[in-house]
Amino acid sequence: MVFFEQILFVLALAAAGWFLTRRIGLIRRAILLGRPEDRSDHPGERLNIMLRVAFGQKKMMTKPLVGLMHFVIYLGFIIINIEVLEIILDGIFGTHRLFAPYLGGVYPFIINTFEILALGVLLVCVGFLARRYVAKVARFQPERHREMGRWPRTDATLILVFEILLMTAFLTWNASDSLLRERGFGHYGELRGTVGSFVVSRFIEPLLSGLGDPGLVAVERFTWWFHILGILGFAVYLTYSKHLHIGLAFPNTYYSDLRPKGQIKNMPEITKEVQLALGIPGADPTEPPAEPGRFGAKDVRDLSWKNLMDAYSCTECGRCTAACPANLTGKKLSPRKIMMDTRDRLEDLQRGWQKTGPDFDDGKSLLGDYITAEEINACTTCQACVQECPVNINPLDIIQQLRRYRIMEEAQAPGSWNAMFSNIENNMAPWKFSPSDRFNWADQLKQ
Ligand code: SF4
Ligand code: SF4
């Protein structure tokens with residue numbers, strides 16, 4: 001590698017590092033916009049959930065074939081990127097296959113493993129494209145799900161095509177490199193006899209063997225640069241894409257909701273007020289009631305940081321929407337859209353901060369401008385979306401907080417709900433019967 005290439009490489013690495021750090025900082029700031037919520041309890045249980053759900057891909061395996069395909073990409077992504085370490089060091093120090101002399105016979109074994117995984121990733125990406133565009137899996141089709149419009153579709157396609165190109169470049173690079181090594185050309189020849197051809201790229205070698213030495217060096221250099229610049233670009237692009245879940249799935253599952261499913265979160269301010277009014281022990285009467293600020297949530301600032309992390313972790317897989325009874329019966333609600341809208345709102349705020357500073361206010365809010373009352377009112381609180389999500393996202397928690405705002409701050413509950421609320425208040429049950437009539441049904445049993 002010539003000195004000029006080294007300079008270029010260091011500049012590219014620094015630029016990617018700068019963009020990545022800046023973008024991560026913005027996302028962190030957007031997540032911390034949410035209300036505080038303590039999720040530091042039960043670290044052992046949390047670690048266990050993270051290992052099973054994020055590392056072990058447990059929930060993905062409910063659909064075994066797709067789960068396996070996803071696992072190949074995941075494994076490929078983690079393992080092949082070990083190779084990136086060598087590429088980066090080669091780029092900085094101007095070396096070529098830096099680790100090969102130190103690892104001896106293990107080196108070809110490692111590269112062969114990478115190549116098998118690269119082929120697997122390539123085939124799986126083609127399979128995923130076919131699922132979207134040939135098999136037309138319903139939950140990805142914009143005709144049936146309005147949230148799957150142009151950008152989400154382009155994003156998903158781009159990443160799959162990108163992966164195919166990266167893996168092809170990796171294999172072609174190895175093939176051209178092996179040929180140059182065999183020919184003993186320049187510094188490539190120094191590893192002749194130590195490293196031979198590799199298990200997958202040897203099938204590409206015949207396609208390149210007709211090239212002369214300068215042509216082969218051009219292919220080797222082009223594919224090396226394409227591969228590493230592609231990876232750096234990919235890393236920055238991820239932060240703008242649904243594929244951010246590659247990184248966020250781990251903290252997001254660690255901070256999972258540990259409450260039993262179906263247990264609805266209380267509002268501590270109201271609980272305390274009620275406890276005081278009813279004289280229930282536990283509430284400290286000397287402590288002034290906390291200022292609730294706002295009941296429920298109107299905008300992202302009213303949600304918790306975990307709700308906002310959920311939004312950035314959403315993979316847009318649509319498993320939640322495919323299981324949602326409201327969506328299945330033709331209602332407007334899609335839990336996937338709830339998560340995507342929350343992230344869109346955060347991204348719009350970020351763009352505003354960048355333009356006009358931290359006091360940016362566009363007069364918009366999550367409820368009303370992004371998510372409508374019709375959507376949130378359609379939720380049955382069945383928890384199917386929470387159960388299905390492969391990265392333990394809780395769309396229902398956001399829906400409930402938006403509803404609380406509509407009901408408690410705007411008094412905008414549908415008429416039938418208001419009737420239920422007054423029944424609960426007066427009859428201690430959702431029905432319109434007096435508590436004293438509750439056992440009337442048993443009267444006949446006495447006769
Ligand atoms: S809890 Fe609501 S949003 Fe989630 S699946 Fe059930 S109805 Fe749909
Ligand atoms: S919330 Fe979960 S299940 Fe729903 S689209 Fe996002 S990642 Fe998939």
# chains A, B, ... in the order shown; residues from 1 in each chain; ligands from 1

$ residues_near_ligand --ligand "ligand 1" --cutoff "10 Å" --atoms "only C-alpha atoms and all ligand atoms" --output "VMD selection string"
chain A and resid 262 319 to 328 331 333 to 338 375 to 388 394 to 400

$ write_last_selection --atoms "N, CA and C atoms" --output "compact mmCIF listing (two decimals), in the first residue's frame"
# COMPACT_ATOMS: atom_id res chain seq x y z
N GLY A 262 -49.71 -7.23 31.19
CA GLY A 262 -51.09 -6.93 31.56
C GLY A 262 -51.16 -6.02 32.77
N ARG A 319 -44.11 -7.62 13.05
CA ARG A 319 -44.68 -8.77 13.76
C ARG A 319 -45.79 -8.33 14.71
N CYS A 320 -45.59 -7.15 15.31
CA CYS A 320 -46.61 -6.61 16.23
C CYS A 320 -47.91 -6.33 15.47
N THR A 321 -47.77 -5.67 14.33
CA THR A 321 -48.95 -5.29 13.55
C THR A 321 -49.67 -6.53 13.02
N ALA A 322 -48.88 -7.54 12.62
CA ALA A 322 -49.50 -8.76 12.09
C ALA A 322 -50.29 -9.50 13.16
N ALA A 323 -49.98 -9.24 14.45
CA ALA A 323 -50.69 -9.93 15.54
C ALA A 323 -51.76 -9.05 16.18
N CYS A 324 -51.83 -7.79 15.76
CA CYS A 324 -52.71 -6.83 16.44
C CYS A 324 -54.17 -7.04 16.01
N PRO A 325 -55.05 -7.37 16.96
CA PRO A 325 -56.45 -7.63 16.57
C PRO A 325 -57.13 -6.39 16.00
N ALA A 326 -56.73 -5.22 16.47
CA ALA A 326 -57.34 -4.00 15.92
C ALA A 326 -56.97 -3.86 14.46
N ASN A 327 -55.69 -4.07 14.14
CA ASN A 327 -55.25 -3.96 12.75
C ASN A 327 -55.88 -5.05 11.90
N LEU A 328 -55.95 -6.26 12.45
CA LEU A 328 -56.49 -7.39 11.68
C LEU A 328 -57.98 -7.21 11.36
N LYS A 331 -59.04 -1.78 11.64
CA LYS A 331 -58.95 -0.47 12.30
C LYS A 331 -57.66 0.22 11.84
N LEU A 333 -55.28 1.38 13.59
CA LEU A 333 -54.12 1.20 14.47
C LEU A 333 -53.10 0.19 13.92
N SER A 334 -51.83 0.59 13.95
CA SER A 334 -50.73 -0.34 13.69
C SER A 334 -49.66 -0.04 14.73
N PRO A 335 -49.37 -0.99 15.64
CA PRO A 335 -48.34 -0.71 16.67
C PRO A 335 -46.99 -0.37 16.05
N ARG A 336 -46.69 -0.96 14.88
CA ARG A 336 -45.42 -0.61 14.22
C ARG A 336 -45.41 0.87 13.87
N LYS A 337 -46.56 1.38 13.39
CA LYS A 337 -46.62 2.80 13.03
C LYS A 337 -46.45 3.69 14.27
N ILE A 338 -46.98 3.24 15.41
CA ILE A 338 -46.82 4.01 16.65
C ILE A 338 -45.33 4.22 16.93
N GLU A 375 -56.48 6.16 16.04
CA GLU A 375 -55.54 5.03 16.16
C GLU A 375 -55.46 4.53 17.60
N ILE A 376 -55.21 5.45 18.54
CA ILE A 376 -55.00 4.97 19.92
C ILE A 376 -56.28 4.44 20.54
N ASN A 377 -57.42 4.98 20.14
CA ASN A 377 -58.67 4.49 20.72
C ASN A 377 -59.00 3.08 20.25
N ALA A 378 -58.38 2.65 19.15
CA ALA A 378 -58.70 1.31 18.62
C ALA A 378 -57.99 0.20 19.38
N CYS A 379 -57.07 0.55 20.26
CA CYS A 379 -56.28 -0.48 20.96
C CYS A 379 -57.13 -1.21 22.00
N THR A 380 -57.00 -2.55 22.02
CA THR A 380 -57.76 -3.35 22.99
C THR A 380 -56.93 -3.67 24.24
N THR A 381 -55.70 -3.17 24.28
CA THR A 381 -54.71 -3.45 25.35
C THR A 381 -54.49 -4.94 25.54
N CYS A 382 -54.52 -5.68 24.44
CA CYS A 382 -54.40 -7.14 24.54
C CYS A 382 -52.98 -7.62 24.78
N GLN A 383 -51.98 -6.77 24.52
CA GLN A 383 -50.56 -7.10 24.72
C GLN A 383 -49.95 -7.98 23.63
N ALA A 384 -50.69 -8.27 22.58
CA ALA A 384 -50.14 -9.15 21.53
C ALA A 384 -48.88 -8.53 20.92
N CYS A 385 -48.90 -7.21 20.74
CA CYS A 385 -47.73 -6.54 20.13
C CYS A 385 -46.51 -6.68 21.04
N VAL A 386 -46.72 -6.58 22.34
CA VAL A 386 -45.61 -6.67 23.30
C VAL A 386 -45.05 -8.08 23.27
N GLN A 387 -45.95 -9.06 23.22
CA GLN A 387 -45.55 -10.46 23.20
C GLN A 387 -44.73 -10.79 21.94
N GLU A 388 -45.15 -10.25 20.80
CA GLU A 388 -44.53 -10.63 19.53
C GLU A 388 -43.19 -9.96 19.26
N ASN A 394 -42.38 -2.05 23.67
CA ASN A 394 -43.72 -2.01 24.24
C ASN A 394 -44.53 -0.85 23.62
N PRO A 395 -45.14 -1.07 22.45
CA PRO A 395 -45.93 0.02 21.83
C PRO A 395 -47.14 0.39 22.69
N LEU A 396 -47.67 -0.62 23.43
CA LEU A 396 -48.87 -0.37 24.24
C LEU A 396 -48.62 0.69 25.30
N ASP A 397 -47.42 0.72 25.86
CA ASP A 397 -47.11 1.70 26.90
C ASP A 397 -47.27 3.12 26.35
N ILE A 398 -46.83 3.34 25.12
CA ILE A 398 -46.97 4.67 24.52
C ILE A 398 -48.45 4.96 24.26
N ILE A 399 -49.16 3.97 23.73
CA ILE A 399 -50.59 4.17 23.44
C ILE A 399 -51.33 4.56 24.72
N GLN A 400 -51.04 3.85 25.80
CA GLN A 400 -51.75 4.14 27.05
C GLN A 400 -51.45 5.55 27.56

$ closest_residue --among "A:Ala373, A:Leu244, A:Met420, A:Met69" --to "ligand 2" --atoms "only C-alpha atoms and all ligand atoms"
A:Leu244

$ residues_around --residues "range 231-242 of chain A" --least-positions-apart "5" --cutoff "7 Å" --atoms "only C-alpha atoms" --output "PyMOL selection string"
chain A and resi 16+19-20+23+155+314-316

$ write_last_selection --atoms "N, CA and C atoms" --output "JSON list (two decimals), in the first residue's frame"
[["chain", "number", "residue", "atom", "x", "y", "z"],
["A", 16, "ALA", "N", -15.45, 9.02, 9.08],
["A", 16, "ALA", "CA", -16.52, 8.10, 9.52],
["A", 16, "ALA", "C", -16.67, 8.18, 11.04],
["A", 19, "PHE", "N", -18.55, 11.45, 11.96],
["A", 19, "PHE", "CA", -19.99, 11.38, 11.66],
["A", 19, "PHE", "C", -20.70, 10.45, 12.64],
["A", 20, "LEU", "N", -20.05, 9.32, 12.91],
["A", 20, "LEU", "CA", -20.67, 8.32, 13.78],
["A", 20, "LEU", "C", -20.83, 8.86, 15.20],
["A", 23, "ARG", "N", -23.54, 11.55, 15.34],
["A", 23, "ARG", "CA", -24.88, 10.98, 15.19],
["A", 23, "ARG", "C", -25.30, 10.22, 16.47],
["A", 155, "ASP", "N", -35.18, 1.91, 2.50],
["A", 155, "ASP", "CA", -34.19, 1.63, 3.55],
["A", 155, "ASP", "C", -33.92, 0.13, 3.64],
["A", 314, "CYS", "N", -36.76, -0.04, 17.02],
["A", 314, "CYS", "CA", -37.75, -0.78, 16.21],
["A", 314, "CYS", "C", -37.14, -1.21, 14.87],
["A", 315, "THR", "N", -37.32, -2.48, 14.54],
["A", 315, "THR", "CA", -36.76, -3.03, 13.30],
["A", 315, "THR", "C", -37.74, -2.92, 12.13],
["A", 316, "GLU", "N", -38.93, -2.42, 12.42],
["A", 316, "GLU", "CA", -40.00, -2.29, 11.41],
["A", 316, "GLU", "C", -40.39, -3.65, 10.84]]

$ closest_residue --among "A:Ile31, A:Val199, A:Met60, A:Leu68" --to "ligand 2" --atoms "only C-alpha atoms and all ligand atoms"
A:Met60

$ decode --residues "range 252-276 of chain A" --atoms "N, CA and C atoms" --output "compact mmCIF listing (two decimals), in the first residue's frame"
# COMPACT_ATOMS: atom_id res chain seq x y z
N ASN A 252 -31.72 -2.30 24.73
CA ASN A 252 -33.18 -2.25 24.79
C ASN A 252 -33.78 -3.49 25.45
N THR A 253 -33.17 -4.65 25.20
CA THR A 253 -33.68 -5.86 25.86
C THR A 253 -33.22 -5.89 27.32
N TYR A 254 -32.02 -5.35 27.57
CA TYR A 254 -31.55 -5.31 28.96
C TYR A 254 -32.53 -4.50 29.83
N TYR A 255 -33.00 -3.39 29.29
CA TYR A 255 -33.91 -2.54 30.06
C TYR A 255 -35.38 -2.90 29.82
N SER A 256 -35.64 -4.17 29.52
CA SER A 256 -37.02 -4.62 29.29
C SER A 256 -37.91 -4.33 30.49
N ASP A 257 -39.20 -4.27 30.22
CA ASP A 257 -40.18 -4.10 31.28
C ASP A 257 -40.30 -5.44 32.02
N LEU A 258 -40.02 -5.44 33.32
CA LEU A 258 -40.03 -6.70 34.07
C LEU A 258 -41.39 -6.99 34.72
N ARG A 259 -42.32 -6.03 34.58
CA ARG A 259 -43.64 -6.27 35.20
C ARG A 259 -44.35 -7.40 34.46
N PRO A 260 -45.25 -8.09 35.17
CA PRO A 260 -46.02 -9.12 34.45
C PRO A 260 -46.83 -8.46 33.33
N LYS A 261 -46.95 -9.15 32.21
CA LYS A 261 -47.72 -8.56 31.10
C LYS A 261 -49.16 -8.33 31.55
N GLY A 262 -49.71 -7.23 31.19
CA GLY A 262 -51.09 -6.93 31.56
C GLY A 262 -51.16 -6.02 32.77
N GLN A 263 -50.06 -5.91 33.52
CA GLN A 263 -50.08 -5.00 34.68
C GLN A 263 -49.89 -3.58 34.16
N ILE A 264 -50.91 -2.78 34.36
CA ILE A 264 -50.86 -1.43 33.81
C ILE A 264 -50.13 -0.50 34.79
N LYS A 265 -49.27 0.34 34.22
CA LYS A 265 -48.47 1.25 35.04
C LYS A 265 -49.37 2.29 35.70
N ASN A 266 -49.22 2.44 36.99
CA ASN A 266 -49.98 3.48 37.69
C ASN A 266 -49.31 4.83 37.50
N MET A 267 -50.07 5.89 37.77
CA MET A 267 -49.46 7.21 37.80
C MET A 267 -49.21 7.52 39.28
N PRO A 268 -47.93 7.59 39.72
CA PRO A 268 -47.64 7.72 41.15
C PRO A 268 -48.32 8.92 41.79
N GLU A 269 -48.42 10.03 41.05
CA GLU A 269 -49.01 11.24 41.65
C GLU A 269 -50.47 10.98 42.02
N ILE A 270 -51.18 10.29 41.13
CA ILE A 270 -52.60 10.05 41.39
C ILE A 270 -52.77 8.98 42.47
N THR A 271 -51.92 7.95 42.41
CA THR A 271 -52.00 6.88 43.43
C THR A 271 -51.87 7.51 44.82
N LYS A 272 -50.90 8.42 44.93
CA LYS A 272 -50.63 9.04 46.23
C LYS A 272 -51.82 9.87 46.69
N GLU A 273 -52.38 10.62 45.76
CA GLU A 273 -53.55 11.45 46.12
C GLU A 273 -54.70 10.59 46.61
N VAL A 274 -54.94 9.49 45.90
CA VAL A 274 -56.04 8.60 46.27
C VAL A 274 -55.76 7.96 47.62
N GLN A 275 -54.50 7.53 47.82
CA GLN A 275 -54.14 6.91 49.11
C GLN A 275 -54.39 7.87 50.26
N LEU A 276 -54.02 9.12 50.05
CA LEU A 276 -54.23 10.13 51.10
C LEU A 276 -55.71 10.35 51.36
